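Here the structure comes first, spelled out in structure tokens, and everything after it is commentary.
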Amino acid sequence: MEIIFIATHPLIVGYYKEILIILLIAALIMQHLKIRELQKGLQEKDHSNNLIKPNPEDSNTAETPVSPTPSVEKPIQEKANKKSILIIEDHQDIRLYLTVLFKNDYILHMAENGEEGLKKAQELMPDLIITDIMMPIMDGFECTRLLKENLTTCHIPIIQLTALSNDNDAIKGMELGADDYIIKPFNPEILKTKVKRLIKNRQDLKAFYSQLINPQSEKESNADNRQKIAEELEQKDPFMSKLLGIIEDNISNKEFSVKKLADSMNVSQPTLYRRVKQATDYSIIELIRATRLKKAAELLKTHAHSISETAELVGYSDIPTFRKHFTEYYGATPSSFAPSHIQAEK
């Protein structure tokens with residue numbers, strides 16, 4: 001009875017608990033030190049592997065400088081050619097899985113909630129967004145809505161990735177503008193195929209813009225075709241549709257500038273430059289000039305205006321500059337587009 005009393009006495013029990021806690025803390029410290037030692041050893045090993053080890057056989061030979069260009073420029077070029085994906089996902093394991101899935105083919109950016117994802121999308125302008133639905137601060141539905149309502153980000157394809165299996169959730173996502181919807185757990189090959197397809201669709205849209213800007217394109221030469229193209233563009237890319245409309249409305253305005261265009265679009269000039277370049281592969285200056293010159297060619301073909309009148313109608317006050325730009329664009333002078341009896345310039 002006396003032994004049992006001593007073993008169960010509160011002071012003795014408390015003493016044993018303190019010893020146990022000390023031992024646990026000591027074990028944790030030892031484990032932490034071992035991990036630090038292992039990490040240090042791995043770093044030293046990586047560093048030694050990266051060092052260039054001299055070949056004893058070459059010690060008496062002259063050093064030959066080796067250009068780093070082949071080993072440096074190729075990775076940089078490959079990275080520049082890669083498309084970018086923004087992954088908005090609060091679950092760390094899912095982010096890691098998606099990283100492993102896409103890191104070899106795309107440049108990846110990460111956000112842990114819809115609010116952070118919205119800011120990064122506006123800053124980075126990725127080629128595609130994959131977003132979860134259920135997230136803290138801002139969920140994927142609200143993030144999708146704001147991205148699609150903003151003219152500067154509405155062109156970015158969005159795939160919603162979620163554990164929600166209710167059809168109403170899929171319908172809600174599509175109504176908010178999501179381009180596709182996939183349920184967890186998912187087949188990785190299906191997701192990769194969807195990503196590839198949506199990015200290709202954006203590339204096809206760039207080809208569409210190239211056709212509009214191409215001086216050899218006669219696709220929009222009549223009113224019916226122009227109306228059809230305008231409707232198609234309004235559906236595919238409201239931002240670019242509005243932008244081209246503003247350029248057309250100001251085509252004869254000699255004071256019209258990139259700044260005025262940015263103000264009319266309610267965006268900053270850097271955002272405008274980046275958005276137009278990403279959508280069309282052309283600069284905003286090239287886009288405005290091409291629009292003016294295509295309108296000039298159209299006017300000259302009507303035989304209703306002289307070259308000087310046409311230049312003024314498309315916003316040129318300097319005839320030599322107009323002639324130079326027109327010839328560079330079409331590979332032919334304005335005179336070749338106008339009949340001889342109206343080629344006289346004022």
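A note on labels: chains of the structure tokens are A, B, ... as shown, every chain counts residues from 1, and ligands are counted from 1 in their shown order.
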Write out as a PyMOL selection string all residues of segment 99-343 of chain A that DSSP puts in strand (DSSP E or B) for this structure's backbone.
chain A and resi 106-111+128-132+158-162+180-183
Using only C-alpha atoms, determine which residues lie at most 7 Å from Ile251 of chain A, disregarding the query and same-chain residues fewer than 4 positions distant; provide the list as JSON, numbers by chain.
{"A": [247, 292, 314, 315]}
What's the separation between atom CA of Asp93 of chain A and atom CA of Leu118 of chain A, in Å to one decimal place?
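The value is 21.3 Å.
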Can you pull out the residues contacting Ile285 of chain A? Cut-off 12 Å, using only C-alpha atoms, and skip same-chain residues under 6 positions away; I want them as a PDB file with N, CA and C atoms, in the first residue's frame.
```
ATOM      1  N   ILE A 247     -10.881  52.923 -82.229  1.00  0.00           N
ATOM      2  CA  ILE A 247      -9.909  53.320 -83.263  1.00  0.00           C
ATOM      3  C   ILE A 247     -10.643  53.734 -84.535  1.00  0.00           C
ATOM      4  N   PHE A 256      -5.480  61.863 -82.116  1.00  0.00           N
ATOM      5  CA  PHE A 256      -5.749  60.598 -81.418  1.00  0.00           C
ATOM      6  C   PHE A 256      -4.432  59.903 -81.086  1.00  0.00           C
ATOM      7  N   SER A 257      -4.283  59.463 -79.848  1.00  0.00           N
ATOM      8  CA  SER A 257      -3.022  58.876 -79.378  1.00  0.00           C
ATOM      9  C   SER A 257      -3.288  57.635 -78.536  1.00  0.00           C
ATOM     10  N   VAL A 258      -2.208  56.944 -78.192  1.00  0.00           N
ATOM     11  CA  VAL A 258      -2.327  55.769 -77.336  1.00  0.00           C
ATOM     12  C   VAL A 258      -2.889  56.164 -75.974  1.00  0.00           C
ATOM     13  N   LYS A 259      -2.469  57.318 -75.473  1.00  0.00           N
ATOM     14  CA  LYS A 259      -2.975  57.781 -74.174  1.00  0.00           C
ATOM     15  C   LYS A 259      -4.488  57.982 -74.220  1.00  0.00           C
ATOM     16  N   LEU A 261      -6.547  56.584 -76.263  1.00  0.00           N
ATOM     17  CA  LEU A 261      -7.171  55.267 -76.408  1.00  0.00           C
ATOM     18  C   LEU A 261      -7.249  54.565 -75.060  1.00  0.00           C
ATOM     19  N   GLN A 269      -1.853  52.818 -69.716  1.00  0.00           N
ATOM     20  CA  GLN A 269      -1.143  52.560 -70.967  1.00  0.00           C
ATOM     21  C   GLN A 269      -0.346  51.251 -70.918  1.00  0.00           C
ATOM     22  N   LEU A 272      -2.725  48.466 -71.437  1.00  0.00           N
ATOM     23  CA  LEU A 272      -3.187  48.448 -72.824  1.00  0.00           C
ATOM     24  C   LEU A 272      -2.135  47.823 -73.733  1.00  0.00           C
ATOM     25  N   TYR A 273      -0.886  48.242 -73.584  1.00  0.00           N
ATOM     26  CA  TYR A 273       0.196  47.675 -74.396  1.00  0.00           C
ATOM     27  C   TYR A 273       0.282  46.164 -74.213  1.00  0.00           C
ATOM     28  N   VAL A 276      -2.943  44.205 -75.615  1.00  0.00           N
ATOM     29  CA  VAL A 276      -3.009  44.136 -77.078  1.00  0.00           C
ATOM     30  C   VAL A 276      -1.912  43.220 -77.615  1.00  0.00           C
ATOM     31  N   LYS A 277      -0.723  43.323 -77.053  1.00  0.00           N
ATOM     32  CA  LYS A 277       0.385  42.477 -77.504  1.00  0.00           C
ATOM     33  C   LYS A 277       0.076  41.011 -77.259  1.00  0.00           C
ATOM     34  N   THR A 291      -4.924  49.825 -88.983  1.00  0.00           N
ATOM     35  CA  THR A 291      -6.338  50.190 -89.154  1.00  0.00           C
ATOM     36  C   THR A 291      -6.481  51.419 -90.044  1.00  0.00           C
ATOM     37  N   ARG A 292      -5.643  52.404 -89.833  1.00  0.00           N
ATOM     38  CA  ARG A 292      -5.675  53.618 -90.663  1.00  0.00           C
ATOM     39  C   ARG A 292      -5.358  53.284 -92.130  1.00  0.00           C
TER      40      ARG A 292
END
```
List the neighbours of segment 231-243 of chain A out to 12 Å using only C-alpha atoms; skip same-chain residues closer than 4 positions along the sequence, and give me the result as an NGL selection string.
:A and (148-157 or 177 or 179 or 201-202 or 204-206 or 208-209 or 212 or 224-227 or 247-250 or 258 or 260-267 or 272-273 or 275-280 or 284 or 287-288 or 291)
